[in-house]
>>> print(open('model12.cif').read())   # mmCIF, C-alpha atoms
data_start
#
loop_
_atom_site.group_PDB
_atom_site.id
_atom_site.type_symbol
_atom_site.label_atom_id
_atom_site.label_comp_id
_atom_site.auth_asym_id
_atom_site.auth_seq_id
_atom_site.Cartn_x
_atom_site.Cartn_y
_atom_site.Cartn_z
ATOM 1 C CA SER A 1 16.147 -11.603 17.296
ATOM 2 C CA PRO A 2 16.315 -14.600 14.922
ATOM 3 C CA GLY A 3 15.259 -12.344 12.032
ATOM 4 C CA THR A 4 18.154 -9.948 12.659
ATOM 5 C CA LEU A 5 20.615 -12.829 12.916
ATOM 6 C CA ILE A 6 19.382 -14.389 9.666
ATOM 7 C CA ALA A 7 19.582 -11.035 7.859
ATOM 8 C CA ALA A 8 23.154 -10.504 9.063
ATOM 9 C CA ARG A 9 24.064 -14.021 7.957
ATOM 10 C CA ALA A 10 22.567 -13.289 4.548
ATOM 11 C CA LEU A 11 24.893 -10.283 4.187
ATOM 12 C CA LEU A 12 27.833 -12.449 5.235
ATOM 13 C CA GLY A 13 26.749 -14.963 2.609
ATOM 14 C CA VAL A 14 26.866 -12.321 -0.113
ATOM 15 C CA GLY A 15 30.429 -11.463 0.879
ATOM 16 C CA GLY A 16 31.505 -15.101 1.051
ATOM 17 C CA ALA A 17 29.874 -15.863 -2.288
ATOM 18 C CA THR A 18 32.092 -13.266 -3.985
ATOM 19 C CA LEU A 19 35.272 -14.247 -2.145
ATOM 20 C CA MET A 20 35.431 -18.012 -2.692
ATOM 21 C CA PRO A 21 34.995 -18.134 -6.512
ATOM 22 C CA SER A 22 37.391 -15.220 -6.901
ATOM 23 C CA THR A 23 40.192 -17.137 -5.194
ATOM 24 C CA LEU A 24 39.650 -20.245 -7.331
ATOM 25 C CA ALA A 25 39.438 -18.201 -10.539
ATOM 26 C CA LEU A 26 42.770 -16.581 -9.688
ATOM 27 C CA ILE A 27 44.348 -20.006 -9.060
ATOM 28 C CA ARG A 28 43.124 -21.144 -12.492
ATOM 29 C CA ASN A 29 44.776 -18.175 -14.171
ATOM 30 C CA MET A 30 47.963 -18.127 -12.066
ATOM 31 C CA PHE A 31 48.807 -21.820 -12.519
ATOM 32 C CA HIS A 32 48.530 -23.004 -16.119
ATOM 33 C CA ASP A 33 50.566 -26.162 -15.501
ATOM 34 C CA GLU A 34 48.160 -28.944 -14.484
ATOM 35 C CA LYS A 35 50.498 -30.383 -11.841
ATOM 36 C CA GLN A 36 51.090 -26.997 -10.202
ATOM 37 C CA ARG A 37 47.379 -26.166 -10.333
ATOM 38 C CA GLY A 38 46.507 -29.464 -8.649
ATOM 39 C CA THR A 39 48.978 -28.703 -5.851
ATOM 40 C CA ALA A 40 47.633 -25.164 -5.454
ATOM 41 C CA ILE A 41 44.039 -26.392 -5.219
ATOM 42 C CA ALA A 42 45.090 -29.032 -2.669
ATOM 43 C CA ILE A 43 46.697 -26.307 -0.541
ATOM 44 C CA TRP A 44 43.546 -24.171 -0.983
ATOM 45 C CA THR A 45 41.373 -27.081 0.174
ATOM 46 C CA ALA A 46 43.657 -27.795 3.147
ATOM 47 C CA ALA A 47 43.541 -24.130 4.155
ATOM 48 C CA LEU A 48 39.747 -24.161 3.888
ATOM 49 C CA THR A 49 39.350 -27.285 6.036
ATOM 50 C CA SER A 50 41.881 -25.930 8.569
ATOM 51 C CA GLY A 51 39.862 -22.738 8.879
ATOM 52 C CA ILE A 52 36.695 -24.757 9.400
ATOM 53 C CA ALA A 53 38.501 -26.727 12.133
ATOM 54 C CA ILE A 54 39.973 -23.706 13.916
ATOM 55 C CA GLY A 55 36.756 -21.654 13.760
ATOM 56 C CA PRO A 56 34.708 -23.690 16.291
ATOM 57 C CA VAL A 57 37.632 -23.816 18.751
ATOM 58 C CA LEU A 58 38.114 -20.063 18.604
ATOM 59 C CA SER A 59 34.354 -19.565 18.876
ATOM 60 C CA GLY A 60 34.243 -21.901 21.888
ATOM 61 C CA ILE A 61 36.960 -19.904 23.670
ATOM 62 C CA LEU A 62 35.141 -16.648 22.968
ATOM 63 C CA LEU A 63 31.779 -18.014 24.128
ATOM 64 C CA GLU A 64 33.354 -19.291 27.352
ATOM 65 C CA HIS A 65 34.859 -15.921 28.276
ATOM 66 C CA PHE A 66 33.198 -13.094 26.320
ATOM 67 C CA TRP A 67 29.888 -11.735 24.988
ATOM 68 C CA TRP A 68 28.402 -13.945 22.255
ATOM 69 C CA GLY A 69 28.722 -11.175 19.639
ATOM 70 C CA SER A 70 32.517 -11.483 19.865
ATOM 71 C CA ILE A 71 32.372 -14.524 17.543
ATOM 72 C CA PHE A 72 31.403 -12.101 14.762
ATOM 73 C CA LEU A 73 33.692 -9.216 15.701
ATOM 74 C CA ILE A 74 36.794 -11.450 15.748
ATOM 75 C CA ASN A 75 36.552 -11.683 11.949
ATOM 76 C CA LEU A 76 36.934 -7.937 11.372
ATOM 77 C CA PRO A 77 40.772 -7.801 11.733
ATOM 78 C CA ALA A 78 41.094 -10.585 9.148
ATOM 79 C CA MET A 79 38.842 -8.694 6.728
ATOM 80 C CA ALA A 80 40.851 -5.496 7.317
ATOM 81 C CA LEU A 81 44.077 -7.361 6.471
ATOM 82 C CA LEU A 82 42.468 -8.731 3.310
ATOM 83 C CA LEU A 83 41.438 -5.252 2.163
ATOM 84 C CA LEU A 84 44.924 -3.875 2.829
ATOM 85 C CA LEU A 85 47.118 -6.693 1.510
ATOM 86 C CA ALA A 86 45.156 -8.263 -1.353
ATOM 87 C CA PRO A 87 45.484 -5.302 -3.779
ATOM 88 C CA ALA A 88 49.249 -5.279 -3.242
ATOM 89 C CA LEU A 89 49.938 -9.025 -3.283
ATOM 90 C CA VAL A 90 47.267 -10.685 -5.435
ATOM 91 C CA PRO A 91 47.463 -10.298 -9.248
ATOM 92 C CA GLU A 92 44.374 -9.113 -11.119
ATOM 93 C CA PHE A 93 42.645 -11.027 -13.887
ATOM 94 C CA ARG A 94 39.530 -9.947 -15.768
ATOM 95 C CA ASN A 95 37.644 -11.533 -18.618
ATOM 96 C CA PRO A 96 37.871 -8.928 -21.391
ATOM 97 C CA HIS A 97 34.645 -10.211 -22.970
ATOM 98 C CA ALA A 98 32.504 -10.481 -19.858
ATOM 99 C CA GLY A 99 28.932 -9.264 -20.231
ATOM 100 C CA ARG A 100 26.848 -7.278 -17.773
ATOM 101 C CA PHE A 101 25.670 -8.909 -14.572
ATOM 102 C CA ASP A 102 22.054 -10.005 -14.911
ATOM 103 C CA VAL A 103 20.240 -8.906 -11.746
ATOM 104 C CA LEU A 104 16.979 -10.613 -12.726
ATOM 105 C CA SER A 105 18.723 -13.991 -13.047
ATOM 106 C CA SER A 106 20.152 -13.536 -9.574
ATOM 107 C CA VAL A 107 16.701 -12.760 -8.170
ATOM 108 C CA LEU A 108 15.203 -15.774 -9.966
ATOM 109 C CA SER A 109 17.870 -18.106 -8.555
ATOM 110 C CA LEU A 110 17.069 -16.967 -5.004
ATOM 111 C CA ALA A 111 13.336 -17.148 -5.678
ATOM 112 C CA ALA A 112 13.825 -20.754 -6.804
ATOM 113 C CA LEU A 113 15.979 -21.955 -3.908
ATOM 114 C CA LEU A 114 14.437 -20.278 -0.870
ATOM 115 C CA PRO A 115 10.902 -21.722 -1.235
ATOM 116 C CA VAL A 116 12.335 -25.220 -1.750
ATOM 117 C CA ILE A 117 14.491 -25.019 1.392
ATOM 118 C CA TYR A 118 11.581 -23.496 3.349
ATOM 119 C CA GLY A 119 9.184 -26.183 2.118
ATOM 120 C CA VAL A 120 11.517 -29.031 3.087
ATOM 121 C CA LYS A 121 12.030 -27.622 6.584
ATOM 122 C CA GLU A 122 8.299 -27.054 7.083
ATOM 123 C CA LEU A 123 7.466 -30.589 5.901
ATOM 124 C CA ALA A 124 9.879 -31.913 8.512
ATOM 125 C CA ARG A 125 8.136 -29.827 11.183
ATOM 126 C CA THR A 126 4.474 -30.188 10.232
ATOM 127 C CA GLY A 127 4.264 -33.317 8.058
ATOM 128 C CA TRP A 128 2.549 -33.470 4.682
ATOM 129 C CA VAL A 129 0.425 -30.326 4.533
ATOM 130 C CA ILE A 130 -0.432 -28.260 1.470
ATOM 131 C CA GLY A 131 1.536 -25.071 2.256
ATOM 132 C CA PRO A 132 5.096 -26.476 2.168
ATOM 133 C CA VAL A 133 4.271 -28.639 -0.858
ATOM 134 C CA LEU A 134 3.090 -25.541 -2.742
ATOM 135 C CA ALA A 135 6.266 -23.689 -1.712
ATOM 136 C CA ILE A 136 8.461 -26.467 -3.151
ATOM 137 C CA ALA A 137 6.388 -26.571 -6.346
ATOM 138 C CA ALA A 138 6.645 -22.780 -6.710
ATOM 139 C CA GLY A 139 10.420 -22.914 -6.237
ATOM 140 C CA LEU A 140 10.789 -25.606 -8.904
ATOM 141 C CA LEU A 141 8.628 -23.591 -11.308
ATOM 142 C CA VAL A 142 10.827 -20.516 -10.833
ATOM 143 C CA ALA A 143 13.881 -22.745 -11.406
ATOM 144 C CA LEU A 144 12.478 -23.661 -14.819
ATOM 145 C CA LEU A 145 12.030 -19.956 -15.602
ATOM 146 C CA PHE A 146 15.632 -19.357 -14.524
ATOM 147 C CA VAL A 147 16.949 -22.069 -16.877
ATOM 148 C CA HIS A 148 14.801 -20.721 -19.721
ATOM 149 C CA ARG A 149 16.225 -17.231 -19.225
ATOM 150 C CA GLN A 150 19.820 -18.537 -19.215
ATOM 151 C CA ARG A 151 19.230 -20.175 -22.598
ATOM 152 C CA ARG A 152 18.054 -16.904 -24.135
ATOM 153 C CA LEU A 153 20.659 -14.485 -22.771
ATOM 154 C CA ALA A 154 23.781 -13.541 -24.740
ATOM 155 C CA TYR A 155 25.721 -13.317 -21.457
ATOM 156 C CA PRO A 156 23.982 -15.700 -19.036
ATOM 157 C CA MET A 157 24.718 -15.797 -15.329
ATOM 158 C CA VAL A 158 25.081 -19.599 -15.673
ATOM 159 C CA ASP A 159 26.546 -20.803 -18.964
ATOM 160 C CA LEU A 160 24.595 -23.998 -19.676
ATOM 161 C CA THR A 161 27.079 -25.038 -22.384
ATOM 162 C CA LEU A 162 29.724 -25.170 -19.649
ATOM 163 C CA LEU A 163 27.501 -27.442 -17.577
ATOM 164 C CA ARG A 164 27.060 -29.807 -20.534
ATOM 165 C CA ARG A 165 30.741 -30.703 -20.364
ATOM 166 C CA ARG A 166 30.902 -33.972 -18.461
ATOM 167 C CA ALA A 167 33.946 -32.908 -16.465
ATOM 168 C CA VAL A 168 32.076 -29.795 -15.284
ATOM 169 C CA GLY A 169 28.427 -30.818 -14.957
ATOM 170 C CA GLY A 170 29.193 -34.262 -13.535
ATOM 171 C CA ALA A 171 31.805 -32.924 -11.127
ATOM 172 C CA ILE A 172 29.463 -30.200 -9.855
ATOM 173 C CA GLY A 173 26.734 -32.796 -9.241
ATOM 174 C CA VAL A 174 29.213 -34.967 -7.326
ATOM 175 C CA ASN A 175 30.289 -31.942 -5.274
ATOM 176 C CA LEU A 176 26.655 -31.207 -4.351
ATOM 177 C CA VAL A 177 26.190 -34.762 -3.053
ATOM 178 C CA ALA A 178 29.432 -34.593 -1.045
ATOM 179 C CA MET A 179 28.481 -31.288 0.611
ATOM 180 C CA PHE A 180 24.951 -32.559 1.296
ATOM 181 C CA ALA A 181 26.438 -35.373 3.361
ATOM 182 C CA MET A 182 29.263 -33.430 4.996
ATOM 183 C CA VAL A 183 27.300 -30.407 6.232
ATOM 184 C CA GLY A 184 24.253 -32.435 7.250
ATOM 185 C CA PHE A 185 26.322 -34.793 9.374
ATOM 186 C CA ALA A 186 28.513 -32.001 10.776
ATOM 187 C CA ILE A 187 25.335 -30.604 12.349
ATOM 188 C CA PHE A 188 24.600 -34.060 13.802
ATOM 189 C CA THR A 189 28.114 -34.340 15.250
ATOM 190 C CA THR A 190 27.914 -30.932 16.940
ATOM 191 C CA GLN A 191 24.473 -31.635 18.388
ATOM 192 C CA HIS A 192 25.536 -35.028 19.735
ATOM 193 C CA LEU A 193 28.611 -33.582 21.447
ATOM 194 C CA GLN A 194 26.720 -30.716 23.070
ATOM 195 C CA SER A 195 23.104 -31.856 23.475
ATOM 196 C CA VAL A 196 23.637 -35.591 24.144
ATOM 197 C CA LEU A 197 27.056 -35.722 25.805
ATOM 198 C CA GLY A 198 26.575 -32.327 27.495
ATOM 199 C CA LEU A 199 29.932 -30.866 26.489
ATOM 200 C CA SER A 200 30.512 -27.108 26.534
ATOM 201 C CA PRO A 201 31.015 -25.353 23.170
ATOM 202 C CA LEU A 202 34.778 -25.199 23.795
ATOM 203 C CA ARG A 203 35.168 -28.871 24.795
ATOM 204 C CA ALA A 204 32.982 -29.974 21.887
ATOM 205 C CA ALA A 205 35.112 -27.912 19.490
ATOM 206 C CA LEU A 206 38.358 -29.345 20.895
ATOM 207 C CA TRP A 207 37.094 -32.915 20.422
ATOM 208 C CA SER A 208 36.015 -31.967 16.887
ATOM 209 C CA LEU A 209 39.633 -31.034 16.127
ATOM 210 C CA LEU A 210 40.640 -34.707 16.063
ATOM 211 C CA PRO A 211 38.838 -35.506 12.770
ATOM 212 C CA SER A 212 40.021 -32.192 11.328
ATOM 213 C CA VAL A 213 43.682 -33.010 11.960
ATOM 214 C CA LEU A 214 43.328 -36.154 9.844
ATOM 215 C CA VAL A 215 41.312 -34.385 7.139
ATOM 216 C CA GLY A 216 43.788 -31.487 6.816
ATOM 217 C CA GLY A 217 46.446 -33.736 5.325
ATOM 218 C CA ILE A 218 44.167 -35.673 2.970
ATOM 219 C CA ALA A 219 43.787 -33.078 0.182
ATOM 220 C CA PRO A 220 47.532 -32.897 -0.701
ATOM 221 C CA VAL A 221 47.695 -36.715 -0.664
ATOM 222 C CA ALA A 222 44.728 -36.874 -3.065
ATOM 223 C CA ALA A 223 46.433 -34.374 -5.383
ATOM 224 C CA ALA A 224 49.618 -36.471 -5.412
ATOM 225 C CA LEU A 225 47.690 -39.675 -6.135
ATOM 226 C CA ALA A 226 45.786 -37.958 -8.980
ATOM 227 C CA ARG A 227 49.057 -37.751 -10.924
ATOM 228 C CA ARG A 228 49.253 -41.553 -11.048
ATOM 229 C CA ILE A 229 45.632 -42.758 -10.745
ATOM 230 C CA ASP A 230 42.580 -41.720 -12.754
ATOM 231 C CA ARG A 231 40.576 -39.118 -10.836
ATOM 232 C CA ALA A 232 37.311 -40.974 -11.380
ATOM 233 C CA TRP A 233 38.662 -43.961 -9.432
ATOM 234 C CA LEU A 234 39.908 -41.701 -6.633
ATOM 235 C CA ILE A 235 36.551 -39.900 -6.383
ATOM 236 C CA GLY A 236 34.774 -43.270 -6.255
ATOM 237 C CA ALA A 237 37.202 -44.449 -3.561
ATOM 238 C CA GLY A 238 36.538 -41.255 -1.584
ATOM 239 C CA PHE A 239 32.805 -41.957 -1.583
ATOM 240 C CA VAL A 240 33.392 -45.584 -0.511
ATOM 241 C CA ILE A 241 35.557 -44.389 2.402
ATOM 242 C CA ALA A 242 32.882 -41.841 3.362
ATOM 243 C CA ALA A 243 30.209 -44.545 3.242
ATOM 244 C CA GLY A 244 32.306 -46.592 5.679
ATOM 245 C CA GLY A 245 32.374 -43.614 8.035
ATOM 246 C CA PHE A 246 28.595 -43.285 7.865
ATOM 247 C CA VAL A 247 28.227 -46.985 8.678
ATOM 248 C CA VAL A 248 30.375 -46.425 11.786
ATOM 249 C CA LEU A 249 28.105 -43.533 12.802
ATOM 250 C CA THR A 250 25.080 -45.850 12.798
ATOM 251 C CA ARG A 251 26.705 -47.634 15.754
ATOM 252 C CA VAL A 252 26.833 -44.498 17.955
ATOM 253 C CA PRO A 253 24.651 -45.161 21.035
ATOM 254 C CA ALA A 254 22.061 -42.600 22.057
ATOM 255 C CA ASP A 255 23.633 -41.872 25.448
ATOM 256 C CA ASP A 256 27.407 -42.022 24.848
ATOM 257 C CA GLY A 257 29.706 -43.080 22.014
ATOM 258 C CA LEU A 258 32.324 -40.303 21.908
ATOM 259 C CA PHE A 259 35.039 -42.522 20.405
ATOM 260 C CA THR A 260 32.694 -44.103 17.849
ATOM 261 C CA LEU A 261 31.373 -40.675 16.861
ATOM 262 C CA LEU A 262 34.855 -39.219 16.330
ATOM 263 C CA LEU A 263 36.016 -42.296 14.414
ATOM 264 C CA GLY A 264 33.031 -42.202 12.059
ATOM 265 C CA ALA A 265 33.340 -38.439 11.561
ATOM 266 C CA SER A 266 37.071 -38.763 10.773
ATOM 267 C CA VAL A 267 36.518 -41.473 8.186
ATOM 268 C CA TYR A 268 33.591 -39.868 6.338
ATOM 269 C CA ALA A 269 35.198 -36.411 6.345
ATOM 270 C CA ALA A 270 38.465 -37.814 4.961
ATOM 271 C CA GLY A 271 36.614 -39.531 2.121
ATOM 272 C CA LEU A 272 34.567 -36.469 1.225
ATOM 273 C CA VAL A 273 37.571 -34.124 1.283
ATOM 274 C CA VAL A 274 39.213 -36.392 -1.322
ATOM 275 C CA VAL A 275 36.097 -35.985 -3.466
ATOM 276 C CA MET A 276 35.832 -32.210 -3.079
ATOM 277 C CA SER A 277 39.500 -31.434 -3.729
ATOM 278 C CA LEU A 278 39.552 -33.514 -6.928
ATOM 279 C CA VAL A 279 36.194 -32.158 -8.111
ATOM 280 C CA THR A 280 37.427 -28.579 -7.796
ATOM 281 C CA GLU A 281 40.530 -29.382 -9.827
ATOM 282 C CA LEU A 282 38.445 -31.159 -12.483
ATOM 283 C CA VAL A 283 36.075 -28.221 -12.934
ATOM 284 C CA LEU A 284 38.797 -25.574 -13.135
ATOM 285 C CA GLY A 285 40.899 -27.686 -15.493
ATOM 286 C CA ALA A 286 37.974 -28.263 -17.863
ATOM 287 C CA ALA A 287 36.856 -24.621 -17.983
ATOM 288 C CA PRO A 288 38.529 -22.106 -20.324
ATOM 289 C CA PRO A 289 40.651 -19.552 -18.400
ATOM 290 C CA GLU A 290 38.258 -16.690 -19.232
ATOM 291 C CA ARG A 291 35.378 -18.683 -17.686
ATOM 292 C CA ALA A 292 37.261 -19.743 -14.569
ATOM 293 C CA GLY A 293 35.242 -17.320 -12.452
ATOM 294 C CA MET A 294 31.948 -18.772 -13.634
ATOM 295 C CA ALA A 295 33.183 -22.355 -13.227
ATOM 296 C CA SER A 296 34.433 -21.761 -9.706
ATOM 297 C CA ALA A 297 31.209 -19.901 -8.862
ATOM 298 C CA LEU A 298 29.203 -22.923 -10.034
ATOM 299 C CA THR A 299 31.336 -25.171 -7.833
ATOM 300 C CA GLU A 300 30.827 -22.868 -4.857
ATOM 301 C CA SER A 301 27.094 -22.616 -5.550
ATOM 302 C CA SER A 302 26.794 -26.410 -5.649
ATOM 303 C CA SER A 303 28.642 -26.555 -2.312
ATOM 304 C CA GLU A 304 26.318 -24.027 -0.708
ATOM 305 C CA LEU A 305 23.204 -25.644 -2.185
ATOM 306 C CA GLY A 306 24.352 -29.082 -1.087
ATOM 307 C CA GLY A 307 25.060 -27.772 2.404
ATOM 308 C CA ALA A 308 21.696 -26.032 2.632
ATOM 309 C CA LEU A 309 19.844 -29.133 1.475
ATOM 310 C CA GLY A 310 21.912 -31.261 3.876
ATOM 311 C CA MET A 311 20.839 -29.104 6.810
ATOM 312 C CA ALA A 312 17.231 -28.995 5.619
ATOM 313 C CA VAL A 313 16.731 -32.658 4.723
ATOM 314 C CA LEU A 314 18.994 -34.389 7.254
ATOM 315 C CA GLY A 315 18.052 -31.846 9.923
#
>>> encode(input="model12.cif", output="structure tokens")
Amino acid sequence: SPGTLIAARALLGVGGATLMPSTLALIRNMFHDEKQRGTAIAIWTAALTSGIAIGPVLSGILLEHFWWGSIFLINLPAMALLLLLAPALVPEFRNPHAGRFDVLSSVLSLAALLPVIYGVKELARTGWVIGPVLAIAAGLLVALLFVHRQRRLAYPMVDLTLLRRRAVGGAIGVNLVAMFAMVGFAIFTTQHLQSVLGLSPLRAALWSLLPSVLVGGIAPVAAALARRIDRAWLIGAGFVIAAGGFVVLTRVPADDGLFTLLLGASVYAAGLVVVMSLVTELVLGAAPPERAGMASALTESSSELGGALGMAVLG
């Protein structure tokens, strides 16, 4: 049922939410040289985008030939390898002064976000009715309570002083905008390939590989350019490139347009990957090593929030 699927996805989300910030925090503490750290983050970003590109193709093959549940089971060998190899190969780092995890803050953050996402989706479905508006208002009110609690705690879940640093708070806001656009339009691309052009999941995924091939090589290029050009200019250029891709997408006809769709998707994804790779490096470089986990978690949270809002609003 949809409820079972959503619950399973929520559990997967909990696992992913612990994994991604942990990897970035380790990079921050393994590479103290700024040049090496920039290269490591570029490789991390390239690996991430490559996985996103390969996933739909593998899923398409499985859906063509096997039971639909195989798209979930295929991940289990990778998780088994992680559990076996990570303790032996990955160095440990812990903040010696970390406080206790605040469960109530975690509950408040969920209680703030879920009603807002629900309200936006319901407004899109039903129009301006009182129920969704009240849900959004309730979520925003809980968000204020969450911020108030973070200010009072000795060991907050979100360190607001970290967010006040321009390199951190500004970069996280930029990352949210980039993910809003990327995830929202990725949904559009998939729907156009399958629902409008009538392609099978496998053929749609194979066509989607073309933009991903271009995007995979962009992050290392951005890292190399960041050694010679101010990151702010590069991030601005990335957004301009992405905007050009979105303009191309406005020319996609309703009944065809495969080439135009792939061209627009390639251009906007390339621009946004430049933004996201540089933003990640900015945040980790600005955060003290002992707060690398929190900084990377904030970056990941902004990515997930941006993606969720992209699906809700643009959907």
>>> resolve_selection(input="model12.cif", expression="the PyMOL selection byres ((chain A and resi 228-232) around 12)", output="NGL selection string")
:A and (35 or 38 or 166-167 or 170-171 or 174 or 221-227 or 233-239 or 274-283)
>>> write_last_selection(input="model12.cif", atoms="C-alpha atoms", output="short mmCIF file (atom, residue, chain, number, x, y, z; two decimals), keeping the file's coordinate frame")
data_model
loop_
_atom_site.label_atom_id
_atom_site.label_comp_id
_atom_site.auth_asym_id
_atom_site.auth_seq_id
_atom_site.Cartn_x
_atom_site.Cartn_y
_atom_site.Cartn_z
CA LYS A 35 50.50 -30.38 -11.84
CA GLY A 38 46.51 -29.46 -8.65
CA ARG A 166 30.90 -33.97 -18.46
CA ALA A 167 33.95 -32.91 -16.46
CA GLY A 170 29.19 -34.26 -13.54
CA ALA A 171 31.80 -32.92 -11.13
CA VAL A 174 29.21 -34.97 -7.33
CA VAL A 221 47.70 -36.72 -0.66
CA ALA A 222 44.73 -36.87 -3.06
CA ALA A 223 46.43 -34.37 -5.38
CA ALA A 224 49.62 -36.47 -5.41
CA LEU A 225 47.69 -39.67 -6.14
CA ALA A 226 45.79 -37.96 -8.98
CA ARG A 227 49.06 -37.75 -10.92
CA TRP A 233 38.66 -43.96 -9.43
CA LEU A 234 39.91 -41.70 -6.63
CA ILE A 235 36.55 -39.90 -6.38
CA GLY A 236 34.77 -43.27 -6.26
CA ALA A 237 37.20 -44.45 -3.56
CA GLY A 238 36.54 -41.26 -1.58
CA PHE A 239 32.80 -41.96 -1.58
CA VAL A 274 39.21 -36.39 -1.32
CA VAL A 275 36.10 -35.98 -3.47
CA MET A 276 35.83 -32.21 -3.08
CA SER A 277 39.50 -31.43 -3.73
CA LEU A 278 39.55 -33.51 -6.93
CA VAL A 279 36.19 -32.16 -8.11
CA THR A 280 37.43 -28.58 -7.80
CA GLU A 281 40.53 -29.38 -9.83
CA LEU A 282 38.44 -31.16 -12.48
CA VAL A 283 36.08 -28.22 -12.93
#
>>> closest_residue(input="model12.cif", among="A:Gly285, A:Gly55, A:Gly315, A:Pro91", to="Arg37 in chain A", atoms="only C-alpha atoms")
A:Gly285
>>> axis_aligned_box(input="model12.cif", around="range 171-184 of chain A", padding_each_side="8 Å", output="AutoDock Vina command-line options")
--center_x 28.0 --center_y -32.8 --center_z -1.9 --size_x 23.6 --size_y 21.2 --size_z 34.4
>>> atom_distance(input="model12.cif", atom1="CA of Ala308 in chain A", atom2="CA of Trp207 in chain A")
24.5 Å
>>> closest_residue(input="model12.cif", among="A:Ala10, A:Ala287, A:Ala292, A:Leu144", to="Arg164 in chain A", atoms="only C-alpha atoms")
A:Ala287
>>> closest_residue(input="model12.cif", among="A:Gly184, A:Pro211, A:Pro220, A:Pro288", to="Gly264 in chain A", atoms="only C-alpha atoms")
A:Pro211
>>> atom_distance(input="model12.cif", atom1="CA of Gly119 in chain A", atom2="CA of Leu140 in chain A")
11.2 Å
>>> residues_around(input="model12.cif", residues="Met311 in chain A", least_positions_apart="6", cutoff="9 Å", atoms="all atoms listed in the file", output="MDAnalysis selection string")
chainID A and resid 121 180 183:185 187
>>> resolve_selection(input="model12.cif", expression="the PyMOL selection byres ((chain A and resi 196) around 12)", output="count of residues only")
21
>>> atom_distance(input="model12.cif", atom1="CA of Ile130 in chain A", atom2="CA of Leu314 in chain A")
21.2 Å
>>> closest_residue(input="model12.cif", among="A:Ala42, A:Val168, A:Leu73, A:Leu134", to="Glu122 in chain A", atoms="only C-alpha atoms")
A:Leu134
>>> closest_residue(input="model12.cif", among="A:Val240, A:Leu123, A:Ile52, A:Ala186", to="Ser212 in chain A", atoms="all atoms listed in the file")
A:Ile52
>>> closest_residue(input="model12.cif", among="A:Ser303, A:Ala297, A:Ser50, A:Ala286", to="Arg165 in chain A", atoms="all atoms listed in the file")
A:Ala286
>>> resolve_selection(input="model12.cif", expression="the PyMOL selection byres ((chain A and resi 159) around 12)", output="PyMOL selection string")
chain A and resi 98-99+105+146-158+160-165+168-169+287+291-295+297-298
>>> residues_around(input="model12.cif", residues="Leu263 in chain A", least_positions_apart="4", cutoff="9 Å", atoms="only C-alpha atoms", output="list in words")
Pro211, Gly245, Val248, Leu249, Leu258, Phe259, Val267 and Tyr268 of chain A
>>> residues_around(input="model12.cif", residues="Gly51 in chain A", least_positions_apart="6", cutoff="12 Å", atoms="only C-alpha atoms", output="PyMOL selection string")
chain A and resi 44-45+57-59+75+209+212-213+215-216
>>> decode(input="model12.cif", residues="range 90-123 of chain A", atoms="C-alpha atoms", output="mmCIF file, in the first residue's frame")
data_model
loop_
_atom_site.group_PDB
_atom_site.id
_atom_site.type_symbol
_atom_site.label_atom_id
_atom_site.label_comp_id
_atom_site.auth_asym_id
_atom_site.auth_seq_id
_atom_site.Cartn_x
_atom_site.Cartn_y
_atom_site.Cartn_z
ATOM 1 C CA VAL A 90 37.569 4.361 7.449
ATOM 2 C CA PRO A 91 39.258 6.266 10.320
ATOM 3 C CA GLU A 92 37.147 7.301 13.307
ATOM 4 C CA PHE A 93 36.691 10.857 14.515
ATOM 5 C CA ARG A 94 34.564 11.985 17.449
ATOM 6 C CA ASN A 95 33.990 15.383 18.973
ATOM 7 C CA PRO A 96 35.258 14.979 22.545
ATOM 8 C CA HIS A 97 32.946 17.755 23.765
ATOM 9 C CA ALA A 98 29.749 16.698 22.031
ATOM 10 C CA GLY A 99 26.600 16.953 24.129
ATOM 11 C CA ARG A 100 23.680 14.550 24.302
ATOM 12 C CA PHE A 101 21.354 14.217 21.340
ATOM 13 C CA ASP A 102 18.188 16.223 21.926
ATOM 14 C CA VAL A 103 15.249 14.006 20.947
ATOM 15 C CA LEU A 104 12.673 16.760 21.482
ATOM 16 C CA SER A 105 14.454 19.050 19.005
ATOM 17 C CA SER A 106 14.379 16.268 16.443
ATOM 18 C CA VAL A 107 10.643 15.776 16.971
ATOM 19 C CA LEU A 108 10.029 19.533 16.714
ATOM 20 C CA SER A 109 11.954 19.756 13.430
ATOM 21 C CA LEU A 110 9.789 17.007 11.910
ATOM 22 C CA ALA A 111 6.635 18.547 13.358
ATOM 23 C CA ALA A 112 7.588 21.824 11.665
ATOM 24 C CA LEU A 113 8.434 20.447 8.221
ATOM 25 C CA LEU A 114 5.785 17.791 7.628
ATOM 26 C CA PRO A 115 2.709 20.056 7.982
ATOM 27 C CA VAL A 116 4.285 22.635 5.654
ATOM 28 C CA ILE A 117 5.012 20.047 2.947
ATOM 29 C CA TYR A 118 1.540 18.514 3.413
ATOM 30 C CA GLY A 119 -0.128 21.930 3.236
ATOM 31 C CA VAL A 120 1.673 22.897 0.024
ATOM 32 C CA LYS A 121 0.733 19.621 -1.668
ATOM 33 C CA GLU A 122 -2.899 19.898 -0.558
ATOM 34 C CA LEU A 123 -3.136 23.509 -1.778
#
